[in-house]
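One structure is given below, encoded as structure tokens.
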Amino acid sequence: MSAFKDPFDAATSLTHGCSCGHHHSEAEHQADLAVQTSDSEALSNRVVEAAVMRALFPHDATRRRFLNAVGASTAMAAISSLFPLGMAKEAFAQSTGPLEKSSIKVGFIPITCATPIIMSQPMGFYGRQGLNVDVVKTAGWAVIRDKTLNKEYDAAHMLSPMPIAISMGVGSSPIPYTVPAIENINGQAITLSIKHKDKRDPKSWKGFKFAVPFDYSMHNYLLRYYLAEHGLDPDKDVQIRSVPPPEMVANLRADNIDGFLAPDPVNQRAVYDGVGFIHTLTKDLWPGHPCCAFAASREFVTKMPNTYRALLKAIMEATAFAAKPENRKQIAEAIAPANYLNQPVTVIEQVLTGTYADGLGNVKKDANRIDFDPFPWHSFAIWIMTQMKRWGQVKGDVDYAKVAREVFLATDAAKLMKDVGMKPPTTISKKFSVMGKEFDPAKPDAYIASFAIKRT
Amino acid sequence: MKRLLNWRAPALSFMVFMLMIGIWHALTLPKAAAVTAESEYAALVGAAAASGQKSAFPSPADVGAKIMQHLGEPFYDRGPNDKGIGIQLAYSIARVLLGYLLAALVAIPVGFLIGMSPTVYRALDPYIQVLKPISPLAWMPLALFTLKDSSISAIFVIFICSLWPMLINTAFGVSSVRKEWLNVARTLEVGNLRTAFRVILPAAAPTIMTGMRISISIAWLVIVAAEMLVGGTGIGYFVWNEWNNLSITNIITAILAIGMVGMLLDLMMAKLTKLVTFPE
């Protein structure tokens, strides 16, 4: 962090240790300094000056001797005449800083939840930030997790509970992970095999075999919640197995499963091929629920802050673009080809525009079938953790607020949302209700205790 | 008479082919629509779903058209997730050859040593017997976790599955070299190394080659499954990507291509085996 120190102060050390000696630690010194130069422009000017000074005087002692001898203002004038400091400062202020890495790889699963991640490539949102991004299609959630942990991918599309599970060390070794943005809200559905078209009451679903994309998914928690609210025990009365989304329709067709709670375009594809019908959209269980997340390791966020910020900005711009209903048709065309989702355009279009065939001969209209709101509400993370605990995925006490704060980067998201012209909320937590039952993020344990069917 | 026989087999082969295509064609003839949906609904779903049916299996004509389309443009590259079938096959073949050659480098010397010493043979036998029947794909999660790279993991899986047949066949071939030949070598006072290269190796070569032929077939079987699991590139990924899209025509095309390449690899090994075979 020595980049933020005043290089024209003879007392400052640009290398290490608390330079002025007034502070016990360097961190305190930094905190003090940050107050002094809170203006970000001044800070960035400092960075440029420090870089130039460091280049001219590789040895700190020489620089100090020089400054003591001629005085700071003379030194500045002398150096400015040699080096166009003003221009360098300006160039630096325009971008947030040089990208640590401009060619990056982002993994995705071919579902519409990944819309902002995917569309940013063909529609040029990454390019505008100076990034050269390869979006790589991946076979399943376990593989995307392993490839991201291996650093084959710099960032990835994940189910929003996955970074929480990875950070907590549930189902893998604990590695600090972050969610700087939620990919999409709503956009999932319960689809049943066409042979069950007369069994619309969940109470008649005993013995059904259901598929969800992954154990740590909103789909798993929402399906379990839905079944439990209708009096079915999801572990005893039905079978829930995890099947990668692309294989779901094939399994439904082969009668391996009776239905699934899945991301789109899987639901719409089942309708398109005449093998299933959409029983209910998940937005009718919990309007505005999160689904997938844009995830990156904490290491990436801290080691490559400029790349991270540029990448997140591209995602935010794409999300803002996708949030406008009038752009949805254009997006559907961009993401349907074989390089991305590999689906008929009409299927993607029905998902994104919300005018869709339900599989029973009706055309339904629901503009909010899928929506895009990047803000990572802490209360979403806390709800996810209550469900992880409810179904026995985590045991013992959970520090809900701490995990939510560390994984869901609400502050970063809010700042960048403002940058791209979206209105971020002023709070980071909110109450909401799932199937008519209110959730208070301040009382997570009481919420778990209030359920009749649970594994705690 | 001989000319007649020469002509009969291809004719029969052709008839079997035409019969299969004929049955396939008959089974996939479009059925009469059961119900016709309103036009607004019909526009949103596939043709089969609009008439109250599940989407149908493609006909031979559909598949033929798809094959021609792939043959016309086998090497296109439209981004990291959409490459021509020729490029995908090349990726798979490269992975198979790399893993296979690495396995040969390990299996043949080790097999040689095991075959020459009955003690080592007996000592290592239990490990080989336990490791041999493990499905190579079961290694995949372990490989991904430890090697931390998906393409190296795929090569490792090929390595591990081609290792055993080569190892066992080499050991067997070396240990069953005829005693008389070894005795003759000893009588002539031929050195150990010279015996190994001039007597044992040529004598065991046909058995070793058989092991190598089995291995390459297994490696080609496994690469498709491994690539379906890991994704990215390769013919296995192509199949998975088209499964995603429920495009049966593309999947059939890929299946045919996989069969062709497998056959070519096997023929190549058969030719090599012939080179080292000797009459007794």
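By order of appearance in the structure tokens: chains A, B, ..., then residues from 1 within every chain, and ligands from 1 in the order shown.
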
Discussion item. I'd like to know which residues of segment 317-384 of chain A are strand (DSSP E) (by DSSP, run on the backbone); could you write them as a ChimeraX atom specification?
Written reply: /A:355-357,363-365,370-371

Residues from last step as file, C-alpha atoms, as a PDB file, in the first residue's frame:
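Listing of part.pdb after writing:
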ATOM      1  CA  THR A 355     -44.780 -14.970 -23.094  1.00  0.00           C
ATOM      2  CA  TYR A 356     -44.664 -18.726 -23.069  1.00  0.00           C
ATOM      3  CA  ALA A 357     -46.406 -22.000 -23.812  1.00  0.00           C
ATOM      4  CA  VAL A 363     -50.109 -19.322 -23.814  1.00  0.00           C
ATOM      5  CA  LYS A 364     -49.225 -17.488 -20.608  1.00  0.00           C
ATOM      6  CA  LYS A 365     -47.869 -13.991 -20.125  1.00  0.00           C
ATOM      7  CA  ILE A 370     -37.094 -14.015 -15.124  1.00  0.00           C
ATOM      8  CA  ASP A 371     -35.636 -10.727 -14.015  1.00  0.00           C
TER       9      ASP A 371
END

Which residues come within 10 Å of Phe172 of chain B, counting only C-alpha atoms, excluding same-chain residues fewer than 6 positions away, as a CSV table (one decimal) with N, CA and C atoms, in the first residue's frame?
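Writing the result to out-v3.csv gives the following:
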chain,number,residue,atom,x,y,z
B,111,GLY,N,6.5,-53.8,-17.2
B,111,GLY,CA,6.0,-55.2,-17.5
B,111,GLY,C,7.2,-56.1,-17.8
B,112,PHE,N,8.2,-55.6,-18.5
B,112,PHE,CA,9.4,-56.4,-18.8
B,112,PHE,C,10.0,-56.9,-17.6
B,114,ILE,N,8.7,-57.1,-14.5
B,114,ILE,CA,7.8,-58.0,-13.8
B,114,ILE,C,7.9,-59.4,-14.5
B,115,GLY,N,7.9,-59.4,-15.8
B,115,GLY,CA,7.9,-60.7,-16.5
B,115,GLY,C,9.2,-61.5,-16.3
B,116,MET,N,10.3,-60.8,-16.1
B,116,MET,CA,11.6,-61.5,-16.0
B,116,MET,C,11.8,-62.1,-14.6
B,121,TYR,N,6.9,-60.5,-9.9
B,121,TYR,CA,5.6,-60.8,-10.5
B,121,TYR,C,4.6,-61.1,-9.4
B,166,MET,N,-1.5,-53.3,-21.3
B,166,MET,CA,-0.1,-53.3,-21.8
B,166,MET,C,0.8,-53.9,-20.8
B,204,ALA,N,8.6,-61.8,-27.3
B,204,ALA,CA,7.4,-61.3,-26.6
B,204,ALA,C,6.6,-60.3,-27.4
B,207,THR,N,2.8,-60.6,-28.3
B,207,THR,CA,1.9,-60.4,-27.1
B,207,THR,C,1.9,-59.0,-26.6
B,208,ILE,N,3.0,-58.3,-26.6
B,208,ILE,CA,3.0,-56.9,-26.2
B,208,ILE,C,2.1,-56.1,-27.1
B,211,GLY,N,-1.4,-56.4,-26.4
B,211,GLY,CA,-1.8,-55.6,-25.2
B,211,GLY,C,-2.0,-54.2,-25.7

Fill in: Expected answer as a PyMOL selection string: chain A residues within 8 Å of chain B, only C-alpha atoms
chain A and resi 134-140+143+146-147+150+152+246-247+250+271-275+338-340+342-343+346-347+350+356-357+361-363

Expected file contents, prior selection, C-alpha atoms, as a PDB file, in the first residue's frame:
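Contents of selection39.pdb, as written:
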ATOM      1  CA  ASP A 134     -13.458 -16.437 -22.943  1.00  0.00           C
ATOM      2  CA  VAL A 135     -16.754 -17.752 -21.617  1.00  0.00           C
ATOM      3  CA  VAL A 136     -16.333 -21.501 -21.303  1.00  0.00           C
ATOM      4  CA  LYS A 137     -19.259 -23.893 -21.211  1.00  0.00           C
ATOM      5  CA  THR A 138     -18.928 -26.405 -18.402  1.00  0.00           C
ATOM      6  CA  ALA A 139     -20.561 -29.782 -17.868  1.00  0.00           C
ATOM      7  CA  GLY A 140     -21.833 -29.524 -14.309  1.00  0.00           C
ATOM      8  CA  VAL A 143     -16.867 -29.498 -12.394  1.00  0.00           C
ATOM      9  CA  ASP A 146     -13.355 -27.753  -9.188  1.00  0.00           C
ATOM     10  CA  LYS A 147     -12.200 -25.807 -12.235  1.00  0.00           C
ATOM     11  CA  ASN A 150      -8.071 -25.000  -9.649  1.00  0.00           C
ATOM     12  CA  GLU A 152      -8.547 -22.680 -14.586  1.00  0.00           C
ATOM     13  CA  PRO A 246     -28.770 -30.154 -19.554  1.00  0.00           C
ATOM     14  CA  GLU A 247     -29.560 -33.805 -18.804  1.00  0.00           C
ATOM     15  CA  ALA A 250     -33.520 -36.318 -21.540  1.00  0.00           C
ATOM     16  CA  VAL A 271     -42.552 -28.001 -23.180  1.00  0.00           C
ATOM     17  CA  TYR A 272     -41.020 -27.421 -26.616  1.00  0.00           C
ATOM     18  CA  ASP A 273     -40.347 -31.131 -27.003  1.00  0.00           C
ATOM     19  CA  GLY A 274     -43.760 -32.119 -25.674  1.00  0.00           C
ATOM     20  CA  VAL A 275     -42.424 -34.122 -22.728  1.00  0.00           C
ATOM     21  CA  ALA A 338     -24.275 -23.338 -30.234  1.00  0.00           C
ATOM     22  CA  ASN A 339     -21.359 -21.415 -28.728  1.00  0.00           C
ATOM     23  CA  TYR A 340     -23.536 -20.392 -25.770  1.00  0.00           C
ATOM     24  CA  ASN A 342     -27.263 -24.163 -27.904  1.00  0.00           C
ATOM     25  CA  GLN A 343     -31.070 -23.960 -27.946  1.00  0.00           C
ATOM     26  CA  THR A 346     -37.854 -19.350 -29.608  1.00  0.00           C
ATOM     27  CA  VAL A 347     -37.223 -21.307 -26.379  1.00  0.00           C
ATOM     28  CA  GLN A 350     -40.137 -17.373 -24.310  1.00  0.00           C
ATOM     29  CA  TYR A 356     -44.664 -18.726 -23.069  1.00  0.00           C
ATOM     30  CA  ALA A 357     -46.406 -22.000 -23.812  1.00  0.00           C
ATOM     31  CA  GLY A 361     -52.071 -25.823 -24.581  1.00  0.00           C
ATOM     32  CA  ASN A 362     -52.165 -22.372 -22.986  1.00  0.00           C
ATOM     33  CA  VAL A 363     -50.109 -19.322 -23.814  1.00  0.00           C
TER      34      VAL A 363
END

Worksheet item: Which residues, written as a list in words, have at least one atom at most 12 Å from Leu113 of chain B, with only C-alpha atoms counted and residues fewer than 5 positions away on the same chain left out?
Response: Val106, Ala107, Ile108, Pro118, Thr119, Val120, Tyr121, Leu124, Leu167, Ile168, Thr170, Ala171, Phe172, Gly173, Val174, Ser175, Ala196, Ile200 and Leu201 of chain B

For N, CA and C atoms, I'd like the residues from the last selection saved as an mmCIF file, in the first residue's frame.
data_model
loop_
_atom_site.group_PDB
_atom_site.id
_atom_site.type_symbol
_atom_site.label_atom_id
_atom_site.label_comp_id
_atom_site.auth_asym_id
_atom_site.auth_seq_id
_atom_site.Cartn_x
_atom_site.Cartn_y
_atom_site.Cartn_z
ATOM 1 N N VAL B 106 5.615 -46.305 -19.558
ATOM 2 C CA VAL B 106 5.694 -46.876 -18.214
ATOM 3 C C VAL B 106 5.458 -48.383 -18.261
ATOM 4 N N ALA B 107 4.405 -48.793 -18.974
ATOM 5 C CA ALA B 107 3.943 -50.181 -18.883
ATOM 6 C C ALA B 107 4.941 -51.169 -19.475
ATOM 7 N N ILE B 108 5.566 -50.825 -20.601
ATOM 8 C CA ILE B 108 6.410 -51.826 -21.265
ATOM 9 C C ILE B 108 7.683 -52.119 -20.460
ATOM 10 N N PRO B 118 9.992 -63.817 -11.421
ATOM 11 C CA PRO B 118 8.785 -64.392 -10.822
ATOM 12 C C PRO B 118 8.488 -63.802 -9.449
ATOM 13 N N THR B 119 9.531 -63.417 -8.695
ATOM 14 C CA THR B 119 9.310 -62.854 -7.358
ATOM 15 C C THR B 119 8.586 -61.511 -7.465
ATOM 16 N N VAL B 120 9.114 -60.629 -8.333
ATOM 17 C CA VAL B 120 8.470 -59.325 -8.512
ATOM 18 C C VAL B 120 7.042 -59.522 -9.029
ATOM 19 N N TYR B 121 6.888 -60.481 -9.927
ATOM 20 C CA TYR B 121 5.563 -60.771 -10.492
ATOM 21 C C TYR B 121 4.575 -61.055 -9.372
ATOM 22 N N LEU B 124 3.906 -57.910 -7.012
ATOM 23 C CA LEU B 124 3.093 -56.802 -7.540
ATOM 24 C C LEU B 124 1.712 -57.243 -8.004
ATOM 25 N N LEU B 167 0.635 -53.558 -19.495
ATOM 26 C CA LEU B 167 1.495 -54.080 -18.434
ATOM 27 C C LEU B 167 1.343 -55.588 -18.313
ATOM 28 N N ILE B 168 0.101 -56.030 -18.244
ATOM 29 C CA ILE B 168 -0.152 -57.454 -18.032
ATOM 30 C C ILE B 168 0.315 -58.270 -19.233
ATOM 31 N N THR B 170 2.604 -57.458 -21.466
ATOM 32 C CA THR B 170 4.061 -57.455 -21.563
ATOM 33 C C THR B 170 4.637 -58.473 -20.579
ATOM 34 N N ALA B 171 4.149 -58.427 -19.336
ATOM 35 C CA ALA B 171 4.652 -59.354 -18.320
ATOM 36 C C ALA B 171 4.408 -60.790 -18.759
ATOM 37 N N PHE B 172 3.212 -61.036 -19.259
ATOM 38 C CA PHE B 172 2.873 -62.389 -19.682
ATOM 39 C C PHE B 172 3.751 -62.839 -20.850
ATOM 40 N N GLY B 173 3.903 -61.947 -21.836
ATOM 41 C CA GLY B 173 4.701 -62.273 -23.016
ATOM 42 C C GLY B 173 6.150 -62.565 -22.645
ATOM 43 N N VAL B 174 6.689 -61.743 -21.747
ATOM 44 C CA VAL B 174 8.084 -61.906 -21.356
ATOM 45 C C VAL B 174 8.273 -63.203 -20.563
ATOM 46 N N SER B 175 7.321 -63.501 -19.665
ATOM 47 C CA SER B 175 7.502 -64.675 -18.812
ATOM 48 C C SER B 175 7.265 -65.972 -19.575
ATOM 49 N N ALA B 196 17.942 -59.887 -23.391
ATOM 50 C CA ALA B 196 16.669 -59.169 -23.267
ATOM 51 C C ALA B 196 16.257 -58.563 -24.604
ATOM 52 N N ILE B 200 14.374 -62.067 -25.881
ATOM 53 C CA ILE B 200 13.074 -61.938 -25.198
ATOM 54 C C ILE B 200 12.163 -60.952 -25.924
ATOM 55 N N LEU B 201 12.710 -59.757 -26.235
ATOM 56 C CA LEU B 201 11.855 -58.721 -26.841
ATOM 57 C C LEU B 201 11.210 -59.195 -28.150
#

Discussion item. As an exercise, work out the distance from atom CA of Met269 of chain B to atom CA of Leu221 of chain B in Å and give it to one decimal place.
Written reply: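 Going from atom CA of Met269 of chain B over to atom CA of Leu221 of chain B covers 15.6 Å.
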
Discussion item. Between B:Pro30, B:Gly22, B:Pro136, B:Pro109, which residue has the minimum interatomic distance to Pro58 of chain B, considering only C-alpha atoms?
Written reply: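 Nearest to Pro58 of chain B: B:Pro30.
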
Item to complete: Write out as a ChimeraX atom specification which residues come within 10 Å of Ala404 of chain A when counting only C-alpha atoms, dropping same-chain ones fewer than 5 positions away.
Response: /A:164,178-179,376-385,399,409-410

Item to complete: Find the distance between atom CA of Lys203 of chain A and atom CA of Gln188 of chain A and write it in Å to one decimal.
Response: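 Spanning atom CA of Lys203 of chain A to atom CA of Gln188 of chain A is a straight-line distance of 21.1 Å.
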